[in-house]
file start_24.cif (mmCIF, C-alpha atoms)
data_my_file
#
loop_
_atom_site.label_atom_id
_atom_site.label_comp_id
_atom_site.auth_asym_id
_atom_site.auth_seq_id
_atom_site.Cartn_x
_atom_site.Cartn_y
_atom_site.Cartn_z
CA MET A 117 -26.04 -52.81 -64.27
CA VAL A 118 -22.88 -52.01 -62.33
CA ILE A 119 -20.67 -52.90 -65.32
CA SER A 120 -22.77 -50.68 -67.57
CA LEU A 121 -22.41 -47.73 -65.23
CA ILE A 122 -18.65 -48.24 -65.05
CA LEU A 123 -18.36 -48.26 -68.83
CA LEU A 124 -20.52 -45.14 -69.12
CA GLN A 125 -18.22 -43.37 -66.67
CA MET A 126 -15.02 -44.00 -68.65
CA GLN A 127 -14.64 -40.23 -68.87
CA SER A 128 -15.70 -39.31 -65.34
CA SER A 129 -15.03 -36.15 -63.39
CA HIS A 130 -11.64 -37.64 -62.45
CA GLY A 131 -10.70 -38.06 -66.10
CA ASP A 132 -10.48 -41.84 -65.76
CA ASP A 133 -10.38 -44.00 -68.85
CA LEU A 134 -10.96 -47.72 -68.84
CA ALA A 135 -7.26 -48.57 -68.43
CA VAL A 136 -6.91 -46.31 -65.40
CA LEU A 137 -10.02 -47.82 -63.83
CA PHE A 138 -8.61 -51.32 -64.24
CA GLN A 139 -5.30 -50.17 -62.74
CA LYS A 140 -7.08 -48.77 -59.71
CA ALA A 141 -9.12 -51.94 -59.32
CA GLY A 142 -5.92 -53.98 -59.48
CA ILE A 143 -4.25 -51.84 -56.82
CA SER A 144 -7.32 -52.26 -54.62
CA LEU A 145 -7.15 -56.04 -54.99
CA LEU A 146 -3.43 -56.06 -54.10
CA VAL A 147 -3.98 -53.88 -51.03
CA GLY A 148 -6.75 -56.20 -49.86
CA ALA A 149 -4.66 -59.28 -50.62
CA LEU A 150 -1.80 -57.99 -48.46
CA VAL A 151 -4.05 -57.72 -45.43
CA GLY A 152 -5.93 -60.89 -46.31
CA LEU A 153 -2.72 -62.90 -46.48
CA GLU A 154 -1.88 -62.00 -42.88
CA ARG A 155 -5.44 -62.72 -41.71
CA GLU A 156 -5.41 -66.10 -43.46
CA ARG A 157 -2.20 -67.01 -41.65
CA ALA A 158 -3.70 -65.94 -38.32
CA GLN A 159 -6.83 -67.94 -39.09
CA GLU A 160 -4.80 -71.12 -39.60
CA GLU A 161 -2.97 -70.64 -36.33
CA HIS A 162 -5.81 -69.58 -34.05
CA ARG A 163 -9.44 -69.68 -35.16
CA MET A 164 -11.83 -68.97 -38.01
CA LEU A 165 -11.81 -65.23 -38.58
CA PHE A 166 -14.19 -62.81 -40.24
CA ALA A 167 -12.32 -62.77 -43.56
CA GLY A 168 -9.19 -64.16 -45.18
CA ILE A 169 -7.12 -64.17 -48.35
CA ARG A 170 -10.17 -64.23 -50.65
CA THR A 171 -12.54 -61.92 -48.78
CA PHE A 172 -10.23 -58.99 -48.04
CA PRO A 173 -9.37 -58.30 -51.72
CA LEU A 174 -13.11 -58.36 -52.44
CA ILE A 175 -13.72 -55.89 -49.61
CA ALA A 176 -11.12 -53.51 -51.05
CA LEU A 177 -12.66 -53.90 -54.52
CA PHE A 178 -16.09 -53.23 -53.04
CA GLY A 179 -14.81 -50.01 -51.49
CA PHE A 180 -13.36 -48.97 -54.86
CA LEU A 181 -16.63 -49.73 -56.70
CA ALA A 182 -18.69 -47.94 -54.05
CA ALA A 183 -16.57 -44.81 -54.50
CA LEU A 184 -16.82 -45.15 -58.27
CA LEU A 185 -20.60 -45.43 -58.19
CA GLY A 186 -20.76 -42.56 -55.73
CA GLY A 187 -19.07 -40.38 -58.32
CA ALA A 188 -21.07 -41.80 -61.21
CA ILE A 189 -24.55 -41.59 -59.72
CA SER A 190 -24.68 -39.70 -56.45
CA PRO A 191 -22.63 -39.31 -53.28
CA TRP A 192 -25.57 -40.91 -51.55
CA MET A 193 -24.76 -44.14 -53.34
CA LEU A 194 -21.36 -44.28 -51.59
CA GLY A 195 -23.05 -43.57 -48.27
CA VAL A 196 -25.66 -46.30 -48.75
CA LEU A 197 -23.15 -48.93 -49.81
CA SER A 198 -20.80 -47.97 -46.97
CA ALA A 199 -23.59 -48.18 -44.42
CA GLY A 200 -24.64 -51.56 -45.77
CA PHE A 201 -21.12 -52.92 -45.53
CA MET A 202 -20.64 -51.58 -42.00
CA ALA A 203 -23.93 -53.18 -40.97
CA LEU A 204 -22.72 -56.51 -42.35
CA VAL A 205 -19.49 -56.26 -40.36
CA VAL A 206 -21.34 -55.34 -37.16
CA ALA A 207 -23.75 -58.24 -37.63
CA SER A 208 -20.84 -60.63 -38.12
CA TYR A 209 -19.16 -59.38 -34.95
CA TYR A 210 -22.43 -59.73 -33.02
CA LEU A 211 -22.82 -63.35 -34.07
CA GLU A 212 -19.21 -64.18 -33.15
CA ALA A 213 -19.46 -62.38 -29.82
CA ARG A 214 -22.61 -64.32 -29.01
CA ASP A 215 -20.63 -67.51 -29.48
CA GLY A 216 -18.02 -66.36 -26.99
CA SER A 217 -15.51 -64.63 -29.29
CA HIS A 218 -15.02 -60.96 -28.37
CA GLY A 219 -12.10 -59.99 -30.64
CA ALA A 220 -12.94 -57.37 -33.27
CA THR A 221 -9.55 -57.02 -34.96
CA SER A 222 -10.54 -58.61 -38.27
CA GLU A 223 -13.80 -56.67 -38.42
CA VAL A 224 -12.04 -53.35 -37.84
CA ALA A 225 -9.40 -54.32 -40.42
CA ALA A 226 -12.19 -55.05 -42.92
CA MET A 227 -13.65 -51.56 -42.40
CA ILE A 228 -10.24 -50.00 -42.95
CA VAL A 229 -9.65 -52.03 -46.12
CA PHE A 230 -13.04 -50.87 -47.47
CA VAL A 231 -11.99 -47.27 -46.91
CA LEU A 232 -8.62 -47.94 -48.56
CA GLY A 233 -10.41 -49.13 -51.69
CA ALA A 234 -12.35 -45.86 -51.77
CA LEU A 235 -9.13 -43.88 -51.28
CA ILE A 236 -7.54 -45.64 -54.24
CA HIS A 237 -10.44 -44.52 -56.43
CA ALA A 238 -9.79 -40.96 -55.25
CA GLU A 239 -6.15 -41.45 -56.30
CA TYR A 240 -4.72 -41.24 -52.79
CA TYR A 241 -2.38 -44.08 -53.68
CA ALA A 242 0.45 -43.29 -51.27
CA ILE A 243 -1.73 -43.03 -48.17
CA ALA A 244 -3.73 -46.14 -49.14
CA ILE A 245 -0.70 -48.32 -49.77
CA ALA A 246 1.18 -47.04 -46.72
CA SER A 247 -1.89 -47.61 -44.55
CA SER A 248 -2.24 -51.19 -45.79
CA VAL A 249 1.39 -51.88 -44.90
CA VAL A 250 1.01 -50.36 -41.43
CA LEU A 251 -2.26 -52.26 -40.92
CA THR A 252 -0.64 -55.56 -41.91
CA LEU A 253 2.30 -54.82 -39.63
CA PHE A 254 0.09 -54.23 -36.62
CA LEU A 255 -1.96 -57.33 -37.35
CA SER A 256 1.18 -59.49 -37.54
CA LEU A 257 2.63 -58.07 -34.30
CA LYS A 258 0.01 -59.63 -32.07
CA ASP A 259 2.31 -62.16 -30.39
CA PRO A 260 5.26 -59.75 -29.89
CA LEU A 261 2.95 -57.05 -28.54
CA GLN A 262 1.35 -59.50 -26.12
CA LYS A 263 4.83 -60.50 -25.00
CA VAL A 264 5.65 -56.84 -24.35
CA ILE A 265 2.42 -56.30 -22.41
CA ALA A 266 3.17 -59.34 -20.27
CA HIS A 267 6.39 -57.66 -19.13
CA VAL A 268 4.99 -54.14 -18.74
CA GLN A 269 4.94 -53.02 -15.13
CA GLU A 270 2.68 -50.45 -13.54
CA GLU A 271 5.48 -47.91 -13.22
CA ASP A 272 6.18 -48.25 -16.96
CA ILE A 273 2.62 -47.18 -17.75
CA TYR A 274 2.69 -44.24 -15.35
CA ALA A 275 6.11 -43.06 -16.53
CA THR A 276 5.07 -43.20 -20.19
CA LEU A 277 1.74 -41.46 -19.56
CA LYS A 278 3.36 -38.68 -17.53
CA PHE A 279 5.93 -38.05 -20.21
CA ALA A 280 3.29 -38.08 -22.99
CA ILE A 281 1.05 -35.66 -21.10
CA ILE A 282 3.84 -33.26 -20.27
CA THR A 283 5.06 -33.33 -23.86
CA ALA A 284 1.60 -32.80 -25.35
CA ILE A 285 0.79 -29.96 -22.97
CA VAL A 286 4.14 -28.24 -22.48
CA LEU A 287 5.75 -28.50 -25.92
CA PRO A 288 3.13 -26.50 -27.88
CA VAL A 289 3.23 -23.57 -25.43
CA LEU A 290 7.02 -23.32 -25.10
CA PRO A 291 8.42 -20.25 -26.91
CA ASP A 292 10.19 -21.10 -30.14
CA THR A 293 12.79 -18.37 -29.86
CA THR A 294 16.29 -18.00 -28.46
CA MET A 295 16.77 -16.24 -25.13
CA GLY A 296 19.17 -15.95 -22.24
CA PRO A 297 22.42 -14.02 -21.70
CA LEU A 298 24.04 -15.33 -24.90
CA ASP A 299 20.78 -15.61 -26.84
CA VAL A 300 21.44 -19.32 -27.41
CA LEU A 301 18.75 -21.19 -25.44
CA ASN A 302 15.53 -22.11 -27.24
CA PRO A 303 13.02 -23.69 -24.79
CA ARG A 304 11.08 -25.57 -27.45
CA GLN A 305 14.28 -26.85 -29.04
CA VAL A 306 15.54 -28.03 -25.65
CA TRP A 307 12.36 -30.03 -25.11
CA TYR A 308 12.55 -31.45 -28.62
CA MET A 309 15.97 -32.82 -27.75
CA VAL A 310 14.52 -34.41 -24.61
CA VAL A 311 11.83 -36.13 -26.69
CA LEU A 312 14.42 -37.30 -29.23
CA ILE A 313 16.70 -38.92 -26.66
CA ALA A 314 13.81 -40.47 -24.75
CA GLY A 315 12.42 -41.86 -28.01
CA ILE A 316 15.69 -43.53 -28.98
CA SER A 317 16.12 -44.95 -25.49
CA PHE A 318 12.52 -46.15 -25.43
CA ALA A 319 13.07 -48.03 -28.70
CA GLY A 320 15.84 -50.03 -27.04
CA TYR A 321 13.72 -50.51 -23.94
CA VAL A 322 10.87 -51.96 -26.04
CA LEU A 323 13.32 -54.29 -27.81
CA VAL A 324 14.44 -55.64 -24.46
CA LYS A 325 10.79 -56.13 -23.48
CA ILE A 326 10.01 -57.94 -26.76
CA PHE A 327 13.03 -60.22 -26.92
CA GLY A 328 13.61 -60.44 -23.20
CA SER A 329 16.85 -59.87 -21.34
CA LYS A 330 17.81 -63.54 -21.31
CA LYS A 331 18.66 -63.98 -25.00
CA GLY A 332 22.38 -64.06 -24.40
CA LEU A 333 24.83 -61.50 -23.15
CA SER A 334 25.69 -60.13 -26.59
CA LEU A 335 22.09 -59.48 -27.61
CA THR A 336 21.23 -58.07 -24.20
CA GLY A 337 24.27 -55.80 -24.33
CA MET A 338 23.42 -54.57 -27.81
CA MET A 339 19.77 -53.76 -27.00
CA GLY A 340 20.63 -52.41 -23.57
CA GLY A 341 23.18 -50.09 -25.16
CA LEU A 342 20.33 -48.26 -26.88
CA VAL A 343 18.84 -47.50 -23.48
CA SER A 344 21.95 -46.95 -21.36
CA SER A 345 25.39 -48.39 -22.01
CA THR A 346 26.39 -47.16 -18.55
CA ALA A 347 23.66 -49.29 -16.96
CA VAL A 348 24.82 -52.33 -18.95
CA THR A 349 28.43 -51.72 -17.90
CA LEU A 350 27.48 -51.41 -14.23
CA SER A 351 25.23 -54.48 -14.27
CA PHE A 352 27.60 -56.78 -16.14
CA SER A 353 30.62 -55.65 -14.12
CA GLN A 354 28.84 -56.57 -10.89
CA LYS A 355 27.59 -59.87 -12.30
CA SER A 356 31.11 -60.81 -13.41
CA ARG A 357 32.02 -61.17 -9.74
CA GLU A 358 29.29 -63.80 -9.41
CA ALA A 359 30.59 -65.74 -12.45
CA PRO A 360 34.28 -64.87 -12.92
CA GLU A 361 34.73 -67.69 -15.40
CA LEU A 362 32.56 -65.68 -17.83
CA GLY A 363 34.75 -62.59 -17.67
CA LYS A 364 35.59 -62.74 -21.38
CA THR A 365 31.93 -63.02 -22.39
CA PHE A 366 30.90 -60.18 -20.08
CA ALA A 367 33.72 -58.03 -21.48
CA SER A 368 32.54 -58.64 -25.04
CA ALA A 369 28.96 -57.68 -24.13
CA ILE A 370 30.10 -54.49 -22.36
CA VAL A 371 32.23 -53.38 -25.32
CA LEU A 372 29.33 -54.10 -27.69
CA ALA A 373 26.89 -52.14 -25.51
CA CYS A 374 29.24 -49.14 -25.56
CA THR A 375 29.73 -49.51 -29.32
CA ILE A 376 25.98 -49.03 -29.88
CA MET A 377 26.58 -45.47 -28.63
CA TYR A 378 28.12 -44.55 -32.01
CA PRO A 379 25.12 -45.46 -34.23
CA ARG A 380 22.94 -43.76 -31.61
CA ILE A 381 25.00 -40.57 -32.03
CA LEU A 382 24.57 -40.85 -35.80
CA ILE A 383 20.79 -40.94 -35.39
CA GLU A 384 20.85 -37.88 -33.14
CA ILE A 385 23.00 -35.90 -35.59
CA ALA A 386 20.82 -36.98 -38.53
CA VAL A 387 17.75 -35.54 -36.84
CA VAL A 388 19.35 -32.24 -35.83
CA ASN A 389 21.92 -31.38 -38.53
CA ARG A 390 22.14 -33.28 -41.84
CA SER A 391 25.18 -31.26 -42.92
CA LEU A 392 27.18 -32.38 -39.89
CA LEU A 393 26.00 -35.96 -40.51
CA ALA A 394 27.49 -35.91 -44.01
CA TYR A 395 30.78 -34.70 -42.55
CA MET A 396 31.01 -36.96 -39.52
CA TRP A 397 29.48 -40.30 -40.44
CA PRO A 398 32.77 -41.83 -41.71
CA PHE A 399 34.45 -41.20 -38.34
CA LEU A 400 31.60 -42.75 -36.37
CA ALA A 401 31.49 -45.66 -38.82
CA ILE A 402 35.18 -46.31 -38.15
CA LEU A 403 34.57 -46.18 -34.39
CA THR A 404 31.64 -48.58 -34.73
CA ALA A 405 33.75 -50.99 -36.77
CA SER A 406 36.54 -50.90 -34.18
CA GLY A 407 34.07 -51.61 -31.36
CA VAL A 408 32.43 -54.49 -33.21
CA LEU A 409 35.85 -55.91 -34.06
CA ALA A 410 36.97 -55.70 -30.43
CA SER A 411 33.77 -57.43 -29.30
CA LEU A 412 34.14 -60.20 -31.88
CA LEU A 413 37.76 -60.78 -30.93
CA LEU A 414 36.71 -61.21 -27.32
CA LEU A 415 33.98 -63.64 -28.37
CA PHE A 416 36.39 -65.69 -30.47
CA GLY A 417 37.07 -69.05 -28.94
CA ARG A 418 34.45 -68.91 -26.20
CA ARG A 419 33.01 -72.29 -25.34
CA LYS A 420 29.45 -71.48 -24.48
CA GLN A 421 26.79 -68.81 -24.65
CA THR A 422 25.26 -67.71 -21.40
CA THR A 423 22.35 -65.51 -20.43
CA THR A 424 21.71 -62.98 -17.75
CA GLU A 425 19.43 -60.08 -16.96
CA VAL A 426 20.23 -56.38 -16.82
CA ASP A 427 18.16 -53.90 -14.85
CA LEU A 428 16.94 -51.18 -17.25
CA LYS A 429 14.52 -48.48 -16.17
CA ASN A 430 11.85 -46.93 -18.37
CA PRO A 431 13.59 -44.01 -20.14
CA PHE A 432 10.35 -42.02 -20.11
CA GLU A 433 10.78 -41.26 -16.41
CA LEU A 434 9.76 -37.61 -16.04
CA MET A 435 12.50 -36.50 -13.66
CA SER A 436 15.16 -38.09 -15.87
CA ALA A 437 13.76 -36.21 -18.87
CA ILE A 438 13.80 -32.89 -17.00
CA LYS A 439 17.36 -33.50 -15.80
CA PHE A 440 18.50 -34.23 -19.34
CA GLY A 441 16.83 -31.03 -20.57
CA LEU A 442 18.65 -29.00 -17.92
CA ILE A 443 21.97 -30.68 -18.74
CA PHE A 444 21.48 -30.05 -22.45
CA ALA A 445 20.65 -26.38 -21.85
CA LEU A 446 23.65 -25.98 -19.55
CA ILE A 447 26.05 -27.62 -21.99
CA ILE A 448 24.91 -25.60 -24.99
CA PHE A 449 25.23 -22.40 -22.90
CA VAL A 450 28.69 -23.31 -21.56
CA SER A 451 29.87 -24.40 -25.02
CA LYS A 452 28.75 -21.11 -26.54
CA ALA A 453 30.44 -19.10 -23.76
CA ALA A 454 33.63 -21.17 -24.04
CA GLU A 455 33.75 -20.64 -27.80
CA MET A 456 33.30 -16.88 -27.39
CA TYR A 457 35.94 -16.39 -24.72
CA MET A 458 38.38 -19.27 -25.29
CA GLY A 459 37.88 -20.29 -28.92
CA SER A 460 37.89 -23.91 -30.05
CA SER A 461 39.97 -25.03 -27.05
CA GLY A 462 37.18 -23.91 -24.74
CA VAL A 463 34.64 -25.98 -26.68
CA PHE A 464 36.92 -29.01 -26.48
CA LEU A 465 37.26 -28.54 -22.71
CA ALA A 466 33.47 -28.33 -22.30
CA ALA A 467 33.07 -31.47 -24.40
CA GLY A 468 35.56 -33.38 -22.28
CA LEU A 469 33.78 -32.38 -19.06
CA ALA A 470 30.38 -33.31 -20.55
CA GLY A 471 31.69 -36.71 -21.59
CA LEU A 472 32.32 -37.60 -17.95
CA THR A 473 28.59 -38.13 -17.48
CA ASP A 474 26.81 -38.20 -20.84
CA VAL A 475 27.41 -38.10 -24.59
CA ASP A 476 23.89 -37.37 -25.85
CA ALA A 477 23.71 -33.83 -24.51
CA ILE A 478 27.05 -32.71 -25.92
CA THR A 479 26.26 -34.38 -29.27
CA LEU A 480 23.00 -32.48 -29.65
CA SER A 481 24.62 -29.26 -28.45
CA MET A 482 27.42 -29.50 -31.00
CA ALA A 483 24.99 -30.44 -33.77
CA ASN A 484 22.96 -27.32 -32.99
CA LEU A 485 25.91 -24.97 -32.60
CA SER A 486 27.53 -26.18 -35.82
CA LYS A 487 24.60 -24.75 -37.76
CA SER A 488 25.80 -21.21 -37.12
CA THR A 489 28.35 -20.73 -34.33
CA ILE A 490 31.15 -23.31 -34.70
CA THR A 491 32.63 -25.22 -37.63
CA GLU A 492 31.77 -28.80 -38.44
CA THR A 493 35.36 -29.79 -37.71
CA THR A 494 35.19 -28.26 -34.22
CA ALA A 495 31.84 -29.97 -33.59
CA SER A 496 33.18 -33.33 -34.78
CA ILE A 497 36.31 -33.11 -32.63
CA SER A 498 34.21 -32.12 -29.60
CA ILE A 499 31.89 -35.09 -30.03
CA LEU A 500 34.85 -37.46 -30.45
CA ILE A 501 36.50 -36.04 -27.32
CA ALA A 502 33.28 -36.64 -25.35
CA VAL A 503 33.11 -40.19 -26.74
CA VAL A 504 36.70 -40.95 -25.74
CA VAL A 505 36.24 -39.50 -22.24
CA ASN A 506 32.97 -41.39 -21.77
CA THR A 507 34.62 -44.62 -22.93
CA ILE A 508 37.41 -44.11 -20.38
CA VAL A 509 34.79 -43.64 -17.66
CA LYS A 510 33.08 -46.92 -18.58
CA ALA A 511 36.40 -48.71 -18.73
CA GLY A 512 37.04 -47.38 -15.22
CA ILE A 513 33.68 -48.72 -14.05
CA ALA A 514 34.45 -52.17 -15.41
CA PHE A 515 37.94 -52.11 -13.94
CA SER A 516 36.85 -51.00 -10.46
CA LEU A 517 33.65 -53.06 -10.10
CA GLY A 518 34.37 -56.13 -12.22
CA ALA A 519 36.11 -59.39 -11.44
CA PRO A 520 39.81 -59.74 -12.30
CA SER A 521 38.86 -61.87 -15.30
CA LEU A 522 36.67 -59.02 -16.59
CA ARG A 523 39.49 -56.49 -16.22
CA LYS A 524 41.82 -58.77 -18.12
CA PHE A 525 39.63 -58.70 -21.24
CA THR A 526 37.75 -55.40 -20.95
CA LEU A 527 40.78 -53.13 -20.99
CA PRO A 528 42.18 -54.51 -24.30
CA GLY A 529 38.71 -54.29 -25.82
CA PHE A 530 38.25 -50.67 -24.80
CA GLY A 531 41.87 -50.01 -25.70
CA LEU A 532 41.24 -50.70 -29.40
CA VAL A 533 38.29 -48.28 -29.38
CA LEU A 534 40.22 -45.60 -27.51
CA VAL A 535 43.21 -45.80 -29.85
CA THR A 536 40.85 -45.46 -32.81
CA GLY A 537 39.05 -42.48 -31.26
CA LEU A 538 42.28 -40.69 -30.37
CA GLY A 539 43.62 -41.34 -33.86
CA LEU A 540 40.54 -39.73 -35.42
CA ILE A 541 40.88 -36.68 -33.15
CA VAL A 542 44.53 -36.25 -34.13
CA TYR A 543 43.59 -36.62 -37.80
CA LEU A 544 40.98 -33.85 -37.54
CA LEU A 545 43.34 -31.56 -35.63
CA MET A 546 46.02 -31.81 -38.30
#

call {"tool": "encode", "arguments": {"input": "start_24.cif", "output": "structure tokens"}}
result
Amino acid sequence: MVISLILLQMQSSHGDDLAVLFQKAGISLLVGALVGLERERAQEEHRMLFAGIRTFPLIALFGFLAALLGGAISPWMLGVLSAGFMALVVASYYLEARDGSHGATSEVAAMIVFVLGALIHAEYYAIAIASSVVLTLFLSLKDPLQKVIAHVQEEDIYATLKFAIITAIVLPVLPDTTMGPLDVLNPRQVWYMVVLIAGISFAGYVLVKIFGSKKGLSLTGMMGGLVSSTAVTLSFSQKSREAPELGKTFASAIVLACTIMYPRILIEIAVVNRSLLAYMWPFLAILTASGVLASLLLLFGRRKQTTTEVDLKNPFELMSAIKFGLIFALIIFVSKAAEMYMGSSGVFLAAGLAGLTDVDAITLSMANLSKSTITETTASISILIAVVVNTIVKAGIAFSLGAPSLRKFTLPGFGLVLVTGLGLIVYLLM
């Protein structure tokens, strides 16, 4: 009966012919198989689950056929078949829960896969395929997510919730217009920049939570650099006094943590100003290569890999976010005023002063100003000046707080990066 109805609907309201119907059915099977493959693997490792590699493709196909029959006969047909399937899933969960199993992940995944089959019939291919990939990703991340949760502290939850609430409530009501003495400050844009920086930092923070901070100095330095290269420099400099024989390894990790600043800057520019990204990415790529090379040279010949921890705070701390927003607003205002009254030299001076404490704020400011106020060359030079100044500050931290063995290796490592940065500035000024 079902086959007959399908054949009769070869020219349905969607204009489907038999070949298109078979293509849709095949896509449904593949979407279900993707999820089913992950569930089958989980079933082998843990326990018998609701469905596996055979059942999930059938569920997706069932969703496709239910949508097809709903269009062929009546929308009520889709509703009846959907309700019947949902009842089956609920009954299965009830029986498993009665036996002591309370997890509903596979059951919920089955419901989603059923809906994806129906979406494929409606020709929402992109959303169906993308959803299946995201679903499979979340299902496969069970162990890493549990590892993250095990390391989540109460203050992490509160900090993240406060930031999310403030963003959801404040951002929509902020005026999306420029204001102030120089008509350069946009409140909503300022808060967007806060969210961007916190998001990038949070990604590094989550990586540290997933992989732990005892996976070796190099890995810890690299992941910690996404959160705060200054924090990594401070922590490793102090720890080098406890283990002076590891000065070379600590130096390599510090240089690598600071090198991560350059890809981070690229991400920030890409979000704010694609035109500036196309102009500046070769310079930041050269800086990144010089930092990686310096770190590898310091690692060359070491005898052992060691591990240590670095204290990184949740970057979603509300007061830190507000302070960054104020700094960003101040820098973009000062940079605009300096450009008006002092020309490019004033912008360079503002960039150098900003680099004493932070690179993110001046990067975002220059990326914004280069859209209309300053040239891309001026913006690029300003960002490079801030990078060089900030690198000098971190080298000073390592030199003043670290053990003599750390100073011996850190300064040459930073020296290569500084020479490269200064060379790029001179090149752009010519």

call {"tool": "residues_around", "arguments": {"input": "start_24.cif", "residues": "Asp474 in chain A", "least_positions_apart": "5", "cutoff": "10 Å", "atoms": "all atoms listed in the file", "output": "JSON, numbers by chain"}}
result
{"A": [346, 440, 443, 444, 467, 469, 479, 502, 503, 505, 506]}

call {"tool": "resolve_selection", "arguments": {"input": "start_24.cif", "expression": "the PyMOL selection byres ((chain A and resi 226-230) around 6)", "output": "ChimeraX atom specification"}}
result
/A:175-176,179,223-225,231-233

call {"tool": "residues_around", "arguments": {"input": "start_24.cif", "residues": "Glu156 in chain A", "least_positions_apart": "3", "cutoff": "6 Å", "atoms": "all atoms listed in the file", "output": "PyMOL selection string"}}
result
chain A and resi 152-153+159+168-169

call {"tool": "closest_residue", "arguments": {"input": "start_24.cif", "among": "A:Leu181, A:Ala511, A:Leu500, A:Leu413", "to": "Leu137 in chain A", "atoms": "only C-alpha atoms"}}
result
A:Leu181

call {"tool": "atom_distance", "arguments": {"input": "start_24.cif", "atom1": "CA of Lys140 in chain A", "atom2": "CA of Tyr240 in chain A"}}
result
10.5 Å

call {"tool": "closest_residue", "arguments": {"input": "start_24.cif", "among": "A:Met396, A:Leu522, A:Leu544, A:Leu372", "to": "Arg357 in chain A", "atoms": "all atoms listed in the file"}}
result
A:Leu522

call {"tool": "atom_distance", "arguments": {"input": "start_24.cif", "atom1": "CA of Phe279 in chain A", "atom2": "CA of Ile383 in chain A"}}
result
21.4 Å

call {"tool": "atom_distance", "arguments": {"input": "start_24.cif", "atom1": "CA of Leu538 in chain A", "atom2": "CA of Phe399 in chain A"}}
result
11.2 Å

call {"tool": "resolve_selection", "arguments": {"input": "start_24.cif", "expression": "the PyMOL selection byres ((chain A and resi 523) around 10)", "output": "list of chain:residue names"}}
result
A:Ser353, A:Ser356, A:Gly363, A:Lys364, A:Ala367, A:Ala511, A:Gly512, A:Ile513, A:Ala514, A:Phe515, A:Ser516, A:Leu517, A:Gly518, A:Ala519, A:Pro520, A:Ser521, A:Leu522, A:Lys524, A:Phe525, A:Thr526, A:Leu527, A:Pro528, A:Gly529

call {"tool": "resolve_selection", "arguments": {"input": "start_24.cif", "expression": "the PyMOL selection byres ((chain A and resi 241-255) around 10)", "output": "number ranges by chain"}}
result
A: 140, 143-144, 146-155, 158, 221-222, 225, 228-229, 231-240, 256-259, 261

call {"tool": "residues_near_point", "arguments": {"input": "start_24.cif", "point": "(-22.1, -49.3, -50.6)", "cutoff": "10 Å", "atoms": "all atoms listed in the file", "output": "PyMOL selection string"}}
result
chain A and resi 178-183+185-186+192-202+230

call {"tool": "closest_residue", "arguments": {"input": "start_24.cif", "among": "A:Leu442, A:Ile501, A:Val371, A:Ala495", "to": "Leu465 in chain A", "atoms": "all atoms listed in the file"}}
result
A:Ile501

call {"tool": "closest_residue", "arguments": {"input": "start_24.cif", "among": "A:Leu532, A:Gly441, A:Leu392, A:Leu472", "to": "Thr491 in chain A", "atoms": "all atoms listed in the file"}}
result
A:Leu392

call {"tool": "closest_residue", "arguments": {"input": "start_24.cif", "among": "A:Tyr543, A:Phe366, A:Tyr274, A:Phe464", "to": "Ser411 in chain A", "atoms": "only C-alpha atoms"}}
result
A:Phe366

call {"tool": "residues_around", "arguments": {"input": "start_24.cif", "residues": "Ala466 in chain A", "least_positions_apart": "3", "cutoff": "9 Å", "atoms": "only C-alpha atoms", "output": "list in words"}}
result
Ile447, Val450, Ser451, Ala454, Ser461, Gly462, Val463, Leu469, Ala470, Gly471, Ile478, Ser498 and Ala502 of chain A

call {"tool": "closest_residue", "arguments": {"input": "start_24.cif", "among": "A:Ala394, A:Met546, A:Val136, A:Leu485", "to": "Phe449 in chain A", "atoms": "only C-alpha atoms"}}
result
A:Leu485
